[in-house]
Amino acid sequence: MDIVLLGPPGAGKGTQARLLIEKLGTPQISTGEILREARKAQTEMGLKAQTYMDAGKLVPDEVVVGIISERLLKDDCKNGFILDGFPRTVPQAQALEVMLKQQSKSLDAVVNFSVDSEELTNRLSGRRTCEKCGAGYHADFSPSKQEGVCDKCGGKLIQRDDDKEDTIKKRLEVYNKQTAPLIDYYRQKGTLKDVNGLGAVEDIFNQVLRVLGLS
Ligand code: AP5
């Protein structure tokens with residue numbers, strides 16, 4: 001299946017994508033992750049993206065469209081993919097449609113997670129990620145056994161640079177202005193599947209499976 005996970009920052013796209021990988025065996029493609037890796041490696045693209053990300057703004061469309069058009073051509077996407085954090089603007093959605101058309105494909109579903117902004121802020125400010133294996137935690141909702149240490153690999157847990165209070169606020173504003181219009185865009189195309197993103201991770205995953213016709 002070719003799936004897009006849509007929702008505001010902290011809605012649980014990454015969390016649900018990791019569960020879907022196990023179910024579907026298709027790759028999760030997170031533009032945020034790819035950009036953070038590029039930053040770490042100090043590539044030209046990574047350095048360009050850094051200023052936008054730290055300010056809570058979107059990286060220019062041409063940069064992310066370039067990333068995705070290369071990534072979707074890789075062999076592991078032949079049997080499907082889970083896009084997490086792309087598209088985020090209408091021009092990105094239109095570019096995706098063109099890319100898929102060139103491969104005689106179209107999206108199977110766009111799963112839209114809705115969560116209120118108070119909950120989003122709580123989730124993002126408590127999020128911790130293992131710098132070694134990428135496992136996700138939350139300081140209050142799903143803490144590691146030993147503070148600051150990953151349960152899975154013993155790596156160090158870090159807070160993302162853009163999970164600071166001011167940047168979270170900006171990211172939510174940017175979502176409402178630039179990304180939320182995609183809800184109507186995909187609803188009109190008939191591919192949107194609404195999921196209530198509040199509640200236990202497993203319950204939300206069951207909803208996702210249901211809307212995708214997988215349960
Ligand atoms: P990106 O990395 O994509 O960040 P985001 O969309 O802001 O999403 P997040 O990763 O913050 O949240 P999520 O929905 O994945 O939630 P998660 O599962 O982690 O993008 C970062 C930046 O890169 C952007 O700001 C932009 O600058 C740039 N960028 C990326 N893509 C771009 C694009 N296409 N165009 C332009 N620029 C782009 O969960 C969050 C926390 O909540 C975790 O701690 C988790 O444990 C917890 N949690 C999850 N589910 C639950 C639950 N049900 N109950 C309680 N806690 C929960």
# chains A, B, ... in the order shown; residues from 1 in each chain; ligands from 1
call {"tool": "select_by_dssp", "arguments": {"residues": "chain A", "states": "alpha helix (DSSP H)", "output": "NGL selection string"}}
result
:A and (13-24 or 31-40 or 44-54 or 61-71 or 90-102 or 117-126 or 165-174 or 181-189 or 201-211)
call {"tool": "residues_around", "arguments": {"residues": "stretch 117-128 of chain A", "least_positions_apart": "5", "cutoff": "8 Å", "atoms": "only C-alpha atoms", "output": "list of chain:residue names"}}
result
A:Pro8, A:Pro9, A:Gly10, A:Ala11, A:Gly136, A:Tyr137, A:His138, A:Ala139, A:Asp140, A:Leu157, A:Ile158, A:Gln159, A:Arg160, A:Asp163, A:Lys164, A:Glu165, A:Ile168, A:Lys169, A:Leu172
call {"tool": "write_last_selection", "arguments": {"atoms": "N, CA, C and O atoms", "output": "tab-separated table (two decimals), in the first residue's frame"}}
result
chain	number	residue	atom	x	y	z
A	8	PRO	N	-0.68	17.17	12.62
A	8	PRO	CA	0.20	18.20	13.16
A	8	PRO	C	1.42	17.62	13.85
A	8	PRO	O	1.45	16.42	14.16
A	9	PRO	N	2.43	18.45	14.14
A	9	PRO	CA	3.59	17.99	14.88
A	9	PRO	C	3.16	17.36	16.19
A	9	PRO	O	2.35	17.94	16.92
A	10	GLY	N	3.64	16.16	16.46
A	10	GLY	CA	3.32	15.49	17.73
A	10	GLY	C	2.05	14.66	17.67
A	10	GLY	O	1.64	14.07	18.67
A	11	ALA	N	1.42	14.56	16.49
A	11	ALA	CA	0.16	13.82	16.39
A	11	ALA	C	0.37	12.31	16.54
A	11	ALA	O	-0.59	11.57	16.72
A	136	GLY	N	11.71	5.91	20.24
A	136	GLY	CA	11.03	7.09	20.77
A	136	GLY	C	10.49	6.85	22.18
A	136	GLY	O	9.99	5.77	22.49
A	137	TYR	N	10.57	7.89	23.01
A	137	TYR	CA	10.05	7.82	24.38
A	137	TYR	C	9.33	9.13	24.69
A	137	TYR	O	9.44	10.10	23.95
A	138	HIS	N	8.63	9.12	25.82
A	138	HIS	CA	8.08	10.37	26.34
A	138	HIS	C	8.38	10.43	27.83
A	138	HIS	O	8.18	9.44	28.53
A	139	ALA	N	8.88	11.57	28.27
A	139	ALA	CA	9.33	11.71	29.67
A	139	ALA	C	8.24	11.31	30.67
A	139	ALA	O	8.56	10.75	31.73
A	140	ASP	N	6.95	11.56	30.35
A	140	ASP	CA	5.87	11.21	31.28
A	140	ASP	C	5.04	10.01	30.80
A	140	ASP	O	4.70	9.13	31.58
A	157	LEU	N	19.46	9.33	25.42
A	157	LEU	CA	18.19	9.94	24.97
A	157	LEU	C	18.36	11.45	24.88
A	157	LEU	O	18.86	12.08	25.82
A	158	ILE	N	17.94	12.00	23.75
A	158	ILE	CA	18.10	13.44	23.56
A	158	ILE	C	16.75	14.10	23.25
A	158	ILE	O	15.81	13.44	22.82
A	159	GLN	N	16.72	15.42	23.45
A	159	GLN	CA	15.53	16.20	23.09
A	159	GLN	C	15.83	16.88	21.75
A	159	GLN	O	16.93	17.42	21.56
A	160	ARG	N	14.86	16.84	20.84
A	160	ARG	CA	15.09	17.46	19.54
A	160	ARG	C	15.20	18.98	19.69
A	160	ARG	O	14.51	19.57	20.51
A	163	ASP	N	11.98	20.88	19.59
A	163	ASP	CA	10.96	20.57	20.60
A	163	ASP	C	11.05	21.52	21.80
A	163	ASP	O	10.71	21.15	22.93
A	164	LYS	N	11.53	22.73	21.57
A	164	LYS	CA	11.55	23.75	22.63
A	164	LYS	C	10.25	24.57	22.49
A	164	LYS	O	9.72	24.71	21.38
A	165	GLU	N	9.78	25.12	23.63
A	165	GLU	CA	8.44	25.73	23.69
A	165	GLU	C	8.13	26.71	22.54
A	165	GLU	O	7.10	26.59	21.88
A	168	ILE	N	7.90	24.97	19.17
A	168	ILE	CA	6.68	24.15	19.07
A	168	ILE	C	5.52	25.04	18.64
A	168	ILE	O	4.73	24.70	17.75
A	169	LYS	N	5.41	26.22	19.28
A	169	LYS	CA	4.32	27.15	18.98
A	169	LYS	C	4.35	27.53	17.49
A	169	LYS	O	3.33	27.52	16.82
A	172	LEU	N	3.26	24.67	15.21
A	172	LEU	CA	1.80	24.47	15.18
A	172	LEU	C	1.13	25.53	14.30
A	172	LEU	O	0.20	25.23	13.55
call {"tool": "residues_around", "arguments": {"residues": "stretch 197-214 of chain A", "least_positions_apart": "5", "cutoff": "10 Å", "atoms": "only C-alpha atoms", "output": "VMD selection string"}}
result
chain A and resid 1 3 7 10 to 13 15 to 17 19 to 20 23 to 24 108 to 116 119 to 120 141 192
call {"tool": "atom_distance", "arguments": {"atom1": "atom CA of A:Gln50", "atom2": "atom CA of A:Lys156"}}
result
22.0 Å
call {"tool": "select_by_dssp", "arguments": {"residues": "stretch 62-185 of chain A", "states": "strand (DSSP E or B)", "output": "PyMOL selection string"}}
result
chain A and resi 81-84+109-114+127-130+136-138+142+149+156-158
call {"tool": "residues_around", "arguments": {"residues": "A:Pro27", "least_positions_apart": "5", "cutoff": "7 Å", "atoms": "only C-alpha atoms", "output": "list in words"}}
result
Ile21, Asp76, Cys77, Phe81 and Ile82 of chain A
call {"tool": "atom_distance", "arguments": {"atom1": "atom 28 (C, counted along the ligand's line) of ligand 1", "atom2": "atom CA of A:Ile183"}}
result
18.7 Å
call {"tool": "closest_residue", "arguments": {"among": "A:Leu96, A:Leu47, A:Thr89, A:Arg36", "to": "A:Gly66", "atoms": "only C-alpha atoms"}}
result
A:Leu96
call {"tool": "closest_residue", "arguments": {"among": "A:Asn176, A:Thr51, A:Gln28, A:Thr167", "to": "A:Gly85", "atoms": "only C-alpha atoms"}}
result
A:Gln28
